[in-house]
file upload_8.cif (mmCIF, C-alpha atoms)
data_data
#
loop_
_atom_site.label_atom_id
_atom_site.label_comp_id
_atom_site.auth_asym_id
_atom_site.auth_seq_id
_atom_site.Cartn_x
_atom_site.Cartn_y
_atom_site.Cartn_z
CA MET A 1 7.03 22.56 23.58
CA ALA A 2 8.58 24.00 20.45
CA HIS A 3 10.63 27.21 20.67
CA PHE A 4 10.92 29.52 17.69
CA VAL A 5 13.89 31.81 17.03
CA ASP A 6 12.88 35.33 16.10
CA SER A 7 14.66 36.89 13.15
CA PRO A 8 16.62 40.13 13.64
CA ARG A 9 14.51 43.22 13.00
CA GLN A 10 15.82 45.97 10.78
CA ASN A 11 15.34 49.43 12.27
CA PHE A 12 14.00 51.41 9.33
CA PHE A 13 12.69 54.21 11.51
CA SER A 14 14.99 57.12 12.13
CA TYR A 15 15.52 58.07 15.76
CA VAL A 16 16.50 61.73 15.94
CA PRO A 17 18.00 62.68 19.31
CA CYS A 18 16.42 65.81 20.78
CA VAL A 19 19.09 67.37 23.01
CA THR A 20 19.86 70.97 23.93
CA PHE A 21 23.34 71.27 25.38
CA ALA A 22 24.32 73.96 27.86
CA SER A 23 26.52 76.71 26.48
CA LYS A 24 29.48 75.72 28.67
CA GLN A 25 29.53 72.15 27.35
CA HIS A 26 32.40 72.35 24.87
CA GLY A 27 33.64 68.79 24.96
CA VAL A 28 34.65 65.86 27.15
CA LYS A 29 38.18 65.70 28.56
CA GLU A 30 37.66 62.44 30.46
CA PRO A 31 34.85 60.24 29.07
CA ARG A 32 35.23 57.47 31.68
CA ILE A 33 33.05 58.04 34.70
CA GLY A 34 35.23 55.85 36.94
CA PRO A 35 38.05 58.41 37.31
CA LEU A 36 35.48 61.22 37.53
CA ILE A 37 33.70 59.51 40.43
CA GLU A 38 36.97 58.81 42.20
CA GLY A 39 37.90 62.48 41.95
CA ARG A 40 34.58 63.63 43.40
CA GLN A 41 34.82 61.07 46.19
CA LEU A 42 38.18 62.54 47.23
CA GLN A 43 36.61 66.00 47.36
CA GLN A 44 33.87 64.69 49.68
CA ARG A 45 31.31 66.90 47.94
CA LEU A 46 27.89 66.06 46.59
CA TYR A 47 27.76 64.99 42.94
CA TYR A 48 25.14 63.33 40.78
CA GLY A 49 24.33 61.65 37.51
CA ILE A 50 21.01 61.34 35.70
CA GLU A 51 19.30 58.40 34.05
CA VAL A 52 17.03 59.06 31.09
CA MET A 53 14.92 56.89 28.83
CA PRO A 54 15.15 57.28 25.04
CA HIS A 55 11.37 57.82 24.75
CA THR A 56 8.56 59.53 26.59
CA ASP A 57 5.20 57.95 25.74
CA GLY A 58 6.62 56.62 22.48
CA ILE A 59 8.13 59.95 21.41
CA PRO A 60 11.90 60.59 21.42
CA VAL A 61 12.83 62.26 24.69
CA CYS A 62 13.80 65.93 24.58
CA LEU A 63 16.60 66.62 27.04
CA ASN A 64 17.47 70.26 27.75
CA LEU A 65 20.60 70.25 29.89
CA ASN A 66 20.21 73.97 30.61
CA ARG A 67 17.46 73.02 33.07
CA LEU A 68 20.09 71.35 35.26
CA LEU A 69 22.37 74.36 35.60
CA PRO A 70 24.42 75.58 37.39
CA PHE A 71 25.55 72.18 38.75
CA MET A 72 25.68 69.79 35.82
CA PRO A 73 25.48 66.00 36.15
CA LEU A 74 28.75 64.10 36.12
CA PHE A 75 27.29 61.83 33.44
CA VAL A 76 24.10 60.69 31.75
CA SER A 77 23.06 57.04 31.76
CA ILE A 78 20.52 55.77 29.25
CA ALA A 79 18.06 52.97 29.96
CA TRP A 80 18.02 49.87 27.76
CA LEU A 81 14.51 48.98 26.60
CA ALA A 82 15.03 45.24 26.31
CA LYS A 83 11.95 44.05 24.42
CA SER A 84 12.19 46.75 21.76
CA SER A 85 15.98 46.62 21.41
CA TRP A 86 17.13 43.01 21.51
CA ASP A 87 16.60 42.28 17.79
CA VAL A 88 17.33 45.65 16.13
CA GLU A 89 19.88 45.38 13.36
CA PRO A 90 22.40 46.84 13.18
CA LEU A 91 22.81 47.15 16.94
CA GLY A 92 24.02 50.72 16.66
CA ARG A 93 20.55 51.69 15.45
CA VAL A 94 19.02 50.93 18.86
CA ASP A 95 17.44 54.19 20.00
CA SER A 96 19.20 54.33 23.37
CA LEU A 97 22.58 53.84 21.69
CA GLN A 98 21.89 56.54 19.11
CA LEU A 99 21.07 58.93 21.93
CA ALA A 100 24.22 57.84 23.79
CA LYS A 101 26.42 58.52 20.76
CA HIS A 102 24.86 61.96 20.34
CA LEU A 103 25.44 62.90 23.98
CA ALA A 104 28.97 61.49 24.20
CA SER A 105 30.56 64.43 22.37
CA LYS A 106 29.53 66.86 25.13
CA ILE A 107 29.09 64.87 28.36
CA PRO A 108 30.21 61.45 29.65
CA VAL A 109 27.54 58.91 28.84
CA MET A 110 26.79 55.41 30.14
CA PRO A 111 24.44 53.22 28.11
CA HIS A 112 22.81 50.30 29.88
CA LEU A 113 22.94 46.74 28.60
CA THR A 114 20.79 43.90 29.92
CA LEU A 115 20.96 40.14 29.45
CA TYR A 116 17.56 39.81 27.78
CA ARG A 117 18.15 37.57 24.72
CA LEU A 118 21.76 38.73 24.60
CA ASN A 119 24.20 36.36 22.90
CA ASP A 120 27.92 36.35 22.12
CA GLU A 121 27.49 38.04 18.76
CA ARG A 122 25.29 40.85 20.10
CA LEU A 123 27.59 41.43 23.05
CA ASP A 124 30.59 41.69 20.70
CA GLN A 125 28.65 44.15 18.54
CA PHE A 126 27.89 46.29 21.59
CA LEU A 127 31.51 46.29 22.73
CA ASP A 128 32.66 47.18 19.22
CA LEU A 129 30.74 50.46 19.53
CA ASN A 130 33.53 51.48 21.91
CA PHE A 131 31.54 53.30 24.56
CA SER A 132 33.69 54.47 27.45
CA ASN A 133 31.16 53.31 30.04
CA VAL A 134 28.48 50.65 30.45
CA LEU A 135 25.99 49.74 33.16
CA ALA A 136 25.81 45.94 33.17
CA LEU A 137 22.41 44.64 34.28
CA ARG A 138 20.57 41.36 34.42
CA GLY A 139 17.36 43.25 33.81
CA SER A 140 13.86 42.57 35.08
CA THR A 141 12.76 41.00 31.78
CA ILE A 142 13.93 37.39 31.46
CA TYR A 143 13.73 35.15 28.39
CA GLU A 144 13.49 31.44 29.11
CA ASN A 145 16.32 30.37 26.83
CA GLN A 146 18.54 33.44 26.98
CA THR A 147 22.27 32.75 26.71
CA TYR A 148 23.46 34.51 29.86
CA ALA A 149 22.13 34.33 33.40
CA TYR A 150 24.43 36.72 35.25
CA SER A 151 25.56 40.26 34.42
CA LYS A 152 29.08 39.31 35.51
CA THR A 153 29.49 38.07 31.93
CA ILE A 154 29.19 41.62 30.58
CA VAL A 155 31.67 42.86 33.18
CA GLU A 156 34.19 40.16 32.28
CA ARG A 157 33.91 40.64 28.53
CA ALA A 158 34.07 44.44 28.74
CA LYS A 159 37.14 44.38 30.98
CA GLU A 160 38.80 41.75 28.80
CA LYS A 161 38.40 44.03 25.79
CA PHE A 162 39.01 47.47 27.28
CA LYS A 163 41.00 46.87 30.50
CA ASP A 164 40.97 50.27 32.25
CA LYS A 165 40.00 52.19 29.12
CA ALA A 166 36.31 51.83 30.00
CA THR A 167 34.27 52.01 33.19
CA VAL A 168 31.81 49.24 34.02
CA CYS A 169 29.18 49.83 36.68
CA VAL A 170 26.77 47.31 38.19
CA ALA A 171 23.56 47.48 40.21
CA GLY A 172 23.11 47.24 43.95
CA PHE A 173 19.88 46.30 45.70
CA PRO A 174 19.47 47.62 49.26
CA GLU A 175 16.18 45.76 49.71
CA GLY A 176 17.25 42.59 47.93
CA TYR A 177 17.04 41.71 44.25
CA ASN A 178 13.92 39.55 44.34
CA ILE A 179 11.75 41.84 46.46
CA ALA A 180 9.62 42.72 43.40
CA GLU A 181 9.08 39.01 42.71
CA GLY A 182 7.45 38.54 46.09
CA GLU A 183 10.22 36.39 47.50
CA PRO A 184 12.08 37.10 50.75
CA PRO A 185 15.24 38.99 49.77
CA ASP A 186 18.49 37.19 50.48
CA LEU A 187 21.07 39.92 50.96
CA LYS A 188 23.82 37.40 51.65
CA ILE A 189 23.44 35.86 48.18
CA HIS A 190 23.18 39.30 46.60
CA LEU A 191 26.43 40.42 48.24
CA HIS A 192 28.12 37.21 47.05
CA TYR A 193 27.18 37.93 43.42
CA LEU A 194 28.01 41.63 43.82
CA LYS A 195 31.51 40.80 45.03
CA GLU A 196 31.97 38.42 42.11
CA LYS A 197 31.14 41.27 39.70
CA VAL A 198 33.51 43.66 41.45
CA ASP A 199 36.26 41.02 41.50
CA ALA A 200 35.64 40.62 37.75
CA GLY A 201 36.42 44.33 37.30
CA ALA A 202 33.29 46.38 38.04
CA ASP A 203 34.33 49.94 38.89
CA CYS A 204 31.26 51.28 40.67
CA ILE A 205 27.86 50.36 42.08
CA ILE A 206 24.60 52.21 41.50
CA THR A 207 21.80 51.20 43.83
CA GLN A 208 18.18 50.69 42.96
CA ALA A 209 15.83 53.35 44.35
CA CYS A 210 14.93 52.85 48.00
CA TYR A 211 12.84 55.25 50.10
CA ARG A 212 14.16 54.12 53.48
CA PRO A 213 17.52 55.75 54.22
CA GLU A 214 18.19 53.50 57.20
CA ILE A 215 18.06 50.48 54.86
CA ILE A 216 20.40 52.17 52.36
CA ILE A 217 22.88 53.05 55.11
CA ASP A 218 22.82 49.51 56.49
CA TYR A 219 23.28 48.13 52.97
CA VAL A 220 26.35 50.28 52.32
CA LYS A 221 27.89 49.12 55.60
CA LYS A 222 27.27 45.47 54.68
CA VAL A 223 28.77 45.99 51.22
CA ARG A 224 31.91 47.40 52.83
CA ALA A 225 31.99 44.58 55.39
CA ALA A 226 31.97 42.13 52.47
CA GLY A 227 35.27 43.59 51.29
CA ILE A 228 33.80 45.63 48.41
CA THR A 229 35.54 48.99 48.20
CA VAL A 230 34.46 50.51 44.86
CA PRO A 231 32.41 53.76 44.97
CA ILE A 232 28.67 53.47 45.56
CA MET A 233 26.13 55.89 44.10
CA VAL A 234 22.64 55.85 45.60
CA GLY A 235 19.64 55.80 43.26
CA ILE A 236 16.98 58.50 43.72
CA ALA A 237 13.63 58.41 41.85
CA ALA A 238 12.18 61.72 40.61
CA HIS A 239 8.43 61.08 40.67
CA GLU A 240 5.69 63.55 39.87
CA SER A 241 2.58 61.40 39.79
CA PHE A 242 1.03 58.67 41.94
CA LYS A 243 0.51 56.52 38.84
CA LYS A 244 4.19 56.46 37.91
CA TYR A 245 5.19 55.83 41.50
CA LYS A 246 2.87 52.79 41.60
CA THR A 247 4.36 51.48 38.35
CA ILE A 248 7.89 51.57 39.75
CA GLU A 249 6.69 50.15 43.06
CA LYS A 250 5.21 47.16 41.22
CA GLU A 251 8.23 46.62 38.95
CA GLN A 252 10.99 47.05 41.52
CA GLY A 253 9.33 46.51 44.89
CA ALA A 254 10.60 49.78 46.37
CA ARG A 255 7.86 51.15 48.62
CA LEU A 256 7.50 54.29 50.69
CA PRO A 257 7.24 53.95 54.49
CA PRO A 258 3.57 53.52 55.54
CA ARG A 259 2.99 57.10 56.70
CA LEU A 260 4.40 58.62 53.50
CA HIS A 261 2.64 56.06 51.33
CA GLU A 262 -0.69 57.02 52.90
CA LYS A 263 0.07 60.70 52.35
CA LEU A 264 0.96 60.10 48.70
CA ALA A 265 -2.16 58.01 48.10
CA LYS A 266 -4.36 60.79 49.49
CA MET A 267 -2.71 63.28 47.15
CA GLY A 268 -3.24 60.95 44.20
CA ASN A 269 -6.90 60.41 45.05
CA LYS A 270 -7.43 64.13 45.53
CA PHE A 271 -6.03 64.90 42.09
CA GLU A 272 -8.23 62.23 40.47
CA LYS A 273 -11.35 63.72 42.04
CA ASP A 274 -10.52 67.36 41.31
CA VAL A 275 -8.35 68.27 38.32
CA ARG A 276 -7.96 71.77 39.77
CA THR A 277 -5.68 70.32 42.44
CA ASP A 278 -2.13 71.66 42.29
CA PRO A 279 -0.40 69.29 39.80
CA HIS A 280 2.94 69.84 41.54
CA LEU A 281 1.88 68.55 44.96
CA ILE A 282 3.31 65.07 44.39
CA ARG A 283 6.43 66.42 42.67
CA ASN A 284 7.14 68.69 45.64
CA LEU A 285 6.53 65.87 48.11
CA PHE A 286 9.14 63.70 46.40
CA VAL A 287 11.58 66.59 46.28
CA ARG A 288 11.32 66.87 50.07
CA ILE A 289 11.51 63.08 50.52
CA ASN A 290 14.59 62.79 48.31
CA VAL A 291 16.42 65.70 49.94
CA ASN A 292 15.78 64.09 53.31
CA ILE A 293 17.13 60.74 52.06
CA ILE A 294 20.25 62.44 50.69
CA CYS A 295 20.79 64.31 53.95
CA GLN A 296 20.45 61.22 56.11
CA ILE A 297 22.99 59.40 53.96
CA LEU A 298 25.43 62.33 54.07
CA LYS A 299 25.09 62.62 57.84
CA ALA A 300 25.67 58.87 58.28
CA ASP A 301 29.31 59.43 57.27
CA ILE A 302 29.49 56.30 55.10
CA GLN A 303 31.55 57.97 52.35
CA VAL A 304 28.65 58.15 49.90
CA TYR A 305 28.52 61.49 48.10
CA GLY A 306 27.14 60.44 44.71
CA PHE A 307 23.48 60.12 43.80
CA GLN A 308 22.00 58.81 40.57
CA ILE A 309 18.72 60.54 39.76
CA PHE A 310 16.35 58.22 37.92
CA THR A 311 14.53 61.01 36.09
CA LEU A 312 11.88 58.76 34.47
CA ASN A 313 12.02 61.67 32.00
CA ASN A 314 10.37 63.86 34.64
CA PHE A 315 12.71 66.77 34.11
CA GLY A 316 10.57 69.24 36.05
CA ALA A 317 10.84 67.03 39.11
CA THR A 318 14.57 66.61 38.53
CA ALA A 319 15.12 70.36 38.20
CA GLY A 320 13.04 70.90 41.35
CA LEU A 321 15.22 68.47 43.32
CA LEU A 322 18.43 70.13 42.13
CA ARG A 323 17.04 73.56 42.96
CA GLU A 324 16.26 72.46 46.52
CA LEU A 325 19.71 70.90 46.94
CA ARG A 326 21.25 74.13 45.71
CA GLN A 327 19.12 76.29 48.02
CA GLN A 328 20.22 74.21 50.99
CA LYS A 329 23.84 74.68 49.85
CA LEU A 330 24.42 70.95 49.62
CA PHE A 331 26.70 71.26 46.59
CA GLY A 332 29.25 73.20 48.66
CA GLU A 333 31.81 72.12 51.22
CA ASN A 334 30.75 69.96 54.17
CA PRO A 335 27.29 69.18 52.77
CA ALA A 336 26.34 67.07 55.80
CA LYS A 337 26.62 70.14 58.03
CA GLN A 338 24.18 72.05 55.81
CA CYS A 339 21.50 69.36 56.00
CA LYS A 340 18.31 69.90 57.96
CA LEU A 341 16.51 66.61 58.63
CA ARG A 342 12.72 66.41 58.83
CA ASP A 343 10.99 63.88 61.07
CA ASP A 344 7.76 64.04 59.04
CA LEU A 345 9.49 62.57 55.97
CA THR A 346 10.49 59.18 57.34
#
call {"tool": "encode", "arguments": {"input": "upload_8.cif", "output": "structure tokens"}}
result
Amino acid sequence: MAHFVDSPRQNFFSYVPCVTFASKQHGVKEPRIGPLIEGRQLQQRLYYGIEVMPHTDGIPVCLNLNRLLPFMPLFVSIAWLAKSSWDVEPLGRVDSLQLAKHLASKIPVMPHLTLYRLNDERLDQFLDLNFSNVLALRGSTIYENQTYAYSKTIVERAKEKFKDKATVCVAGFPEGYNIAEGEPPDLKIHLHYLKEKVDAGADCIITQACYRPEIIIDYVKKVRAAGITVPIMVGIAAHESFKKYKTIEKEQGARLPPRLHEKLAKMGNKFEKDVRTDPHLIRNLFVRINVNIICQILKADIQVYGFQIFTLNNFGATAGLLRELRQQKLFGENPAKQCKLRDDLT
């Protein structure tokens, strides 16, 4: 079978970042998130980052950071849209990287980079943009003849170029990497590759979303038992519709426990049958679910205080989660003692 090489695509369309900064955001003293995370870990207080996508339904995302006050995220990470980004020339014109550059003057920013059709030249171009942080990912989209197979390559190249002048984070998978592919997850193999990436210089781990806190807690313990000591941030998904939840469930394999899944499905069906149904029912359910997950992790005393909110550009849901965390005083001292667990959310 013949294979054709696609030509680089010029990005003639102007991506205009739509960001409203908070009034207290005057600049960035420390752009690397590694030292920032280490400092928060020592304080043993809750902290968070947010992940955004450069578009919402094909339109440039509008991010108003005032909605996240008074407790701002430690950093913003920006998803890499592999199929629409791999061939854009010059690389700096990729929408997610334009948004990252715009944000970097006011808040630490971490663009993602995946292996999809990445080659030596494109990786060098990315590194030459001199971002202070990068999330190195294999990515769920695989090209048959792509140059790299493992995200460790990005870690190695970034650390070779920047040493400690940049932070490199990698992904962790509490339920196993290949759960979405329908294969039995092999956590032993995953931990082997994870340790290789950390040994290559990775500074932190951000886990994929998982709705079962007992699995997350067990995963963290196994990571530590494997001799991996870098900080771990736990991924939290901010859903506000059954449709979007199902999309992520299909792509990543993360699934709610049966009782909660049934409850969510009933809410989704109710909304489809009657548009007068409260549109915030599902948002509020996930706020309660996520607060309960955070509390169980804090109470487990596994030295995890950081949470990465995958906003999916659902900023109402994100603001609702932060508001509930604030109301429960979880951003203060001894957050585990403030937590109130709910049996109906497991």
call {"tool": "atom_distance", "arguments": {"input": "upload_8.cif", "atom1": "atom CA of A:Asp164", "atom2": "atom CA of A:His102"}}
result
23.2 Å
call {"tool": "residues_around", "arguments": {"input": "upload_8.cif", "residues": "A:Glu121", "least_positions_apart": "4", "cutoff": "12 Å", "atoms": "all atoms listed in the file", "output": "ChimeraX atom specification"}}
result
/A:86-87,89-91,117,125-128,147,157
call {"tool": "resolve_selection", "arguments": {"input": "upload_8.cif", "expression": "the PyMOL selection byres ((chain A and resi 337) around 12)", "output": "short mmCIF file (atom, residue, chain, number, x, y, z; two decimals) with C-alpha atoms, in the coordinates of the input"}}
result
data_model
loop_
_atom_site.label_atom_id
_atom_site.label_comp_id
_atom_site.auth_asym_id
_atom_site.auth_seq_id
_atom_site.Cartn_x
_atom_site.Cartn_y
_atom_site.Cartn_z
CA ARG A 45 31.31 66.90 47.94
CA CYS A 295 20.79 64.31 53.95
CA GLN A 296 20.45 61.22 56.11
CA LEU A 298 25.43 62.33 54.07
CA LYS A 299 25.09 62.62 57.84
CA ALA A 300 25.67 58.87 58.28
CA ASP A 301 29.31 59.43 57.27
CA GLN A 328 20.22 74.21 50.99
CA LYS A 329 23.84 74.68 49.85
CA LEU A 330 24.42 70.95 49.62
CA PHE A 331 26.70 71.26 46.59
CA GLY A 332 29.25 73.20 48.66
CA GLU A 333 31.81 72.12 51.22
CA ASN A 334 30.75 69.96 54.17
CA PRO A 335 27.29 69.18 52.77
CA ALA A 336 26.34 67.07 55.80
CA GLN A 338 24.18 72.05 55.81
CA CYS A 339 21.50 69.36 56.00
CA LYS A 340 18.31 69.90 57.96
CA LEU A 341 16.51 66.61 58.63
#
call {"tool": "atom_distance", "arguments": {"input": "upload_8.cif", "atom1": "atom CA of A:Ile154", "atom2": "atom CA of A:Val28"}}
result
25.1 Å
call {"tool": "axis_aligned_box", "arguments": {"input": "upload_8.cif", "around": "stretch 239-243 of chain A", "padding_each_side": "3 Å", "output": "AutoDock Vina command-line options"}}
result
--center_x 4.5 --center_y 60.0 --center_z 40.4 --size_x 13.9 --size_y 13.0 --size_z 9.1
call {"tool": "resolve_selection", "arguments": {"input": "upload_8.cif", "expression": "the PyMOL selection byres ((chain A and resi 319) around 10)", "output": "NGL selection string"}}
result
:A and (65-69 or 238 or 287 or 311 or 314-318 or 320-325)
call {"tool": "resolve_selection", "arguments": {"input": "upload_8.cif", "expression": "the PyMOL selection byres ((chain A and resi 168-173) around 6)", "output": "PyMOL selection string"}}
result
chain A and resi 133-136+167+174-177+202-208
call {"tool": "atom_distance", "arguments": {"input": "upload_8.cif", "atom1": "atom CA of A:Lys222", "atom2": "atom CA of A:Lys152"}}
result
20.2 Å
call {"tool": "residues_around", "arguments": {"input": "upload_8.cif", "residues": "A:Pro60", "least_positions_apart": "3", "cutoff": "7 Å", "atoms": "only C-alpha atoms", "output": "list in words"}}
result
Pro17, Cys18, Pro54, His55 and Thr56 of chain A
call {"tool": "residues_around", "arguments": {"input": "upload_8.cif", "residues": "A:Ile107", "least_positions_apart": "6", "cutoff": "10 Å", "atoms": "all atoms listed in the file", "output": "list of chain:residue names"}}
result
A:Phe21, A:Gln25, A:His26, A:Gly27, A:Val28, A:Lys29, A:Glu30, A:Pro31, A:Met72, A:Pro73, A:Leu74, A:Phe75, A:Val76, A:Ala100
call {"tool": "write_last_selection", "arguments": {"input": "upload_8.cif", "atoms": "C-alpha atoms", "output": "PDB file, keeping the file's coordinate frame"}}
result
ATOM      1  CA  PHE A  21      23.340  71.270  25.380  1.00  0.00           C
ATOM      2  CA  GLN A  25      29.530  72.150  27.350  1.00  0.00           C
ATOM      3  CA  HIS A  26      32.400  72.350  24.870  1.00  0.00           C
ATOM      4  CA  GLY A  27      33.640  68.790  24.960  1.00  0.00           C
ATOM      5  CA  VAL A  28      34.650  65.860  27.150  1.00  0.00           C
ATOM      6  CA  LYS A  29      38.180  65.700  28.560  1.00  0.00           C
ATOM      7  CA  GLU A  30      37.660  62.440  30.460  1.00  0.00           C
ATOM      8  CA  PRO A  31      34.850  60.240  29.070  1.00  0.00           C
ATOM      9  CA  MET A  72      25.680  69.790  35.820  1.00  0.00           C
ATOM     10  CA  PRO A  73      25.480  66.000  36.150  1.00  0.00           C
ATOM     11  CA  LEU A  74      28.750  64.100  36.120  1.00  0.00           C
ATOM     12  CA  PHE A  75      27.290  61.830  33.440  1.00  0.00           C
ATOM     13  CA  VAL A  76      24.100  60.690  31.750  1.00  0.00           C
ATOM     14  CA  ALA A 100      24.220  57.840  23.790  1.00  0.00           C
TER      15      ALA A 100
END
call {"tool": "closest_residue", "arguments": {"input": "upload_8.cif", "among": "A:Pro108, A:Asn269, A:Ile50, A:His192", "to": "A:Leu36", "atoms": "all atoms listed in the file"}}
result
A:Pro108
call {"tool": "residues_near_point", "arguments": {"input": "upload_8.cif", "point": "(10.5, 54.3, 33.5)", "cutoff": "9 Å", "atoms": "all atoms listed in the file", "output": "list of chain:residue names"}}
result
A:Val52, A:Met53, A:Thr56, A:Ala79, A:Lys244, A:Thr247, A:Ile248, A:Phe310, A:Thr311, A:Leu312, A:Asn313
call {"tool": "closest_residue", "arguments": {"input": "upload_8.cif", "among": "A:Leu191, A:Leu97, A:Ala200, A:Cys210", "to": "A:Ala226", "atoms": "only C-alpha atoms"}}
result
A:Leu191
call {"tool": "closest_residue", "arguments": {"input": "upload_8.cif", "among": "A:Lys250, A:Arg255, A:His239, A:Arg40", "to": "A:Arg283", "atoms": "all atoms listed in the file"}}
result
A:His239
call {"tool": "decode", "arguments": {"input": "upload_8.cif", "residues": "stretch 159-177 of chain A", "atoms": "N, CA and C atoms", "output": "PDB file, in the first residue's frame"}}
result
ATOM      1  N   LYS A 159      14.461  18.342  28.212  1.00  0.00           N
ATOM      2  CA  LYS A 159      15.415  18.460  29.308  1.00  0.00           C
ATOM      3  C   LYS A 159      16.845  18.659  28.791  1.00  0.00           C
ATOM      4  N   GLU A 160      17.138  18.061  27.651  1.00  0.00           N
ATOM      5  CA  GLU A 160      18.449  18.255  27.045  1.00  0.00           C
ATOM      6  C   GLU A 160      18.661  19.720  26.674  1.00  0.00           C
ATOM      7  N   LYS A 161      17.604  20.355  26.196  1.00  0.00           N
ATOM      8  CA  LYS A 161      17.708  21.749  25.752  1.00  0.00           C
ATOM      9  C   LYS A 161      17.649  22.731  26.922  1.00  0.00           C
ATOM     10  N   PHE A 162      16.720  22.506  27.847  1.00  0.00           N
ATOM     11  CA  PHE A 162      16.439  23.514  28.876  1.00  0.00           C
ATOM     12  C   PHE A 162      17.001  23.182  30.258  1.00  0.00           C
ATOM     13  N   LYS A 163      17.404  21.936  30.478  1.00  0.00           N
ATOM     14  CA  LYS A 163      17.809  21.500  31.828  1.00  0.00           C
ATOM     15  C   LYS A 163      16.679  21.824  32.818  1.00  0.00           C
ATOM     16  N   ASP A 164      16.974  22.595  33.866  1.00  0.00           N
ATOM     17  CA  ASP A 164      15.953  22.929  34.861  1.00  0.00           C
ATOM     18  C   ASP A 164      15.257  24.258  34.572  1.00  0.00           C
ATOM     19  N   LYS A 165      15.512  24.822  33.401  1.00  0.00           N
ATOM     20  CA  LYS A 165      14.889  26.100  33.062  1.00  0.00           C
ATOM     21  C   LYS A 165      13.474  25.943  32.524  1.00  0.00           C
ATOM     22  N   ALA A 166      13.004  24.701  32.416  1.00  0.00           N
ATOM     23  CA  ALA A 166      11.627  24.437  31.982  1.00  0.00           C
ATOM     24  C   ALA A 166      11.097  23.229  32.741  1.00  0.00           C
ATOM     25  N   THR A 167       9.797  23.223  32.950  1.00  0.00           N
ATOM     26  CA  THR A 167       9.123  22.106  33.616  1.00  0.00           C
ATOM     27  C   THR A 167       8.466  21.220  32.570  1.00  0.00           C
ATOM     28  N   VAL A 168       8.655  19.919  32.702  1.00  0.00           N
ATOM     29  CA  VAL A 168       8.014  18.956  31.801  1.00  0.00           C
ATOM     30  C   VAL A 168       7.120  18.045  32.641  1.00  0.00           C
ATOM     31  N   CYS A 169       5.848  18.021  32.302  1.00  0.00           N
ATOM     32  CA  CYS A 169       4.915  17.128  32.987  1.00  0.00           C
ATOM     33  C   CYS A 169       4.493  16.005  32.045  1.00  0.00           C
ATOM     34  N   VAL A 170       4.058  14.911  32.621  1.00  0.00           N
ATOM     35  CA  VAL A 170       3.600  13.755  31.839  1.00  0.00           C
ATOM     36  C   VAL A 170       2.274  13.267  32.416  1.00  0.00           C
ATOM     37  N   ALA A 171       1.636  12.374  31.684  1.00  0.00           N
ATOM     38  CA  ALA A 171       0.310  11.888  32.085  1.00  0.00           C
ATOM     39  C   ALA A 171       0.404  10.624  32.925  1.00  0.00           C
ATOM     40  N   GLY A 172      -0.565  10.483  33.828  1.00  0.00           N
ATOM     41  CA  GLY A 172      -0.722   9.253  34.593  1.00  0.00           C
ATOM     42  C   GLY A 172      -2.111   8.692  34.356  1.00  0.00           C
ATOM     43  N   PHE A 173      -2.237   7.369  34.413  1.00  0.00           N
ATOM     44  CA  PHE A 173      -3.497   6.720  34.066  1.00  0.00           C
ATOM     45  C   PHE A 173      -3.935   5.751  35.159  1.00  0.00           C
ATOM     46  N   PRO A 174      -4.733   6.235  36.112  1.00  0.00           N
ATOM     47  CA  PRO A 174      -5.146   5.378  37.240  1.00  0.00           C
ATOM     48  C   PRO A 174      -5.861   4.100  36.819  1.00  0.00           C
ATOM     49  N   GLU A 175      -6.575   4.145  35.696  1.00  0.00           N
ATOM     50  CA  GLU A 175      -7.308   2.962  35.251  1.00  0.00           C
ATOM     51  C   GLU A 175      -6.614   2.233  34.114  1.00  0.00           C
ATOM     52  N   GLY A 176      -5.372   2.613  33.836  1.00  0.00           N
ATOM     53  CA  GLY A 176      -4.631   1.961  32.765  1.00  0.00           C
ATOM     54  C   GLY A 176      -4.773   2.711  31.459  1.00  0.00           C
ATOM     55  N   TYR A 177      -3.690   2.758  30.678  1.00  0.00           N
ATOM     56  CA  TYR A 177      -3.691   3.566  29.456  1.00  0.00           C
ATOM     57  C   TYR A 177      -4.662   3.052  28.404  1.00  0.00           C
TER      58      TYR A 177
END
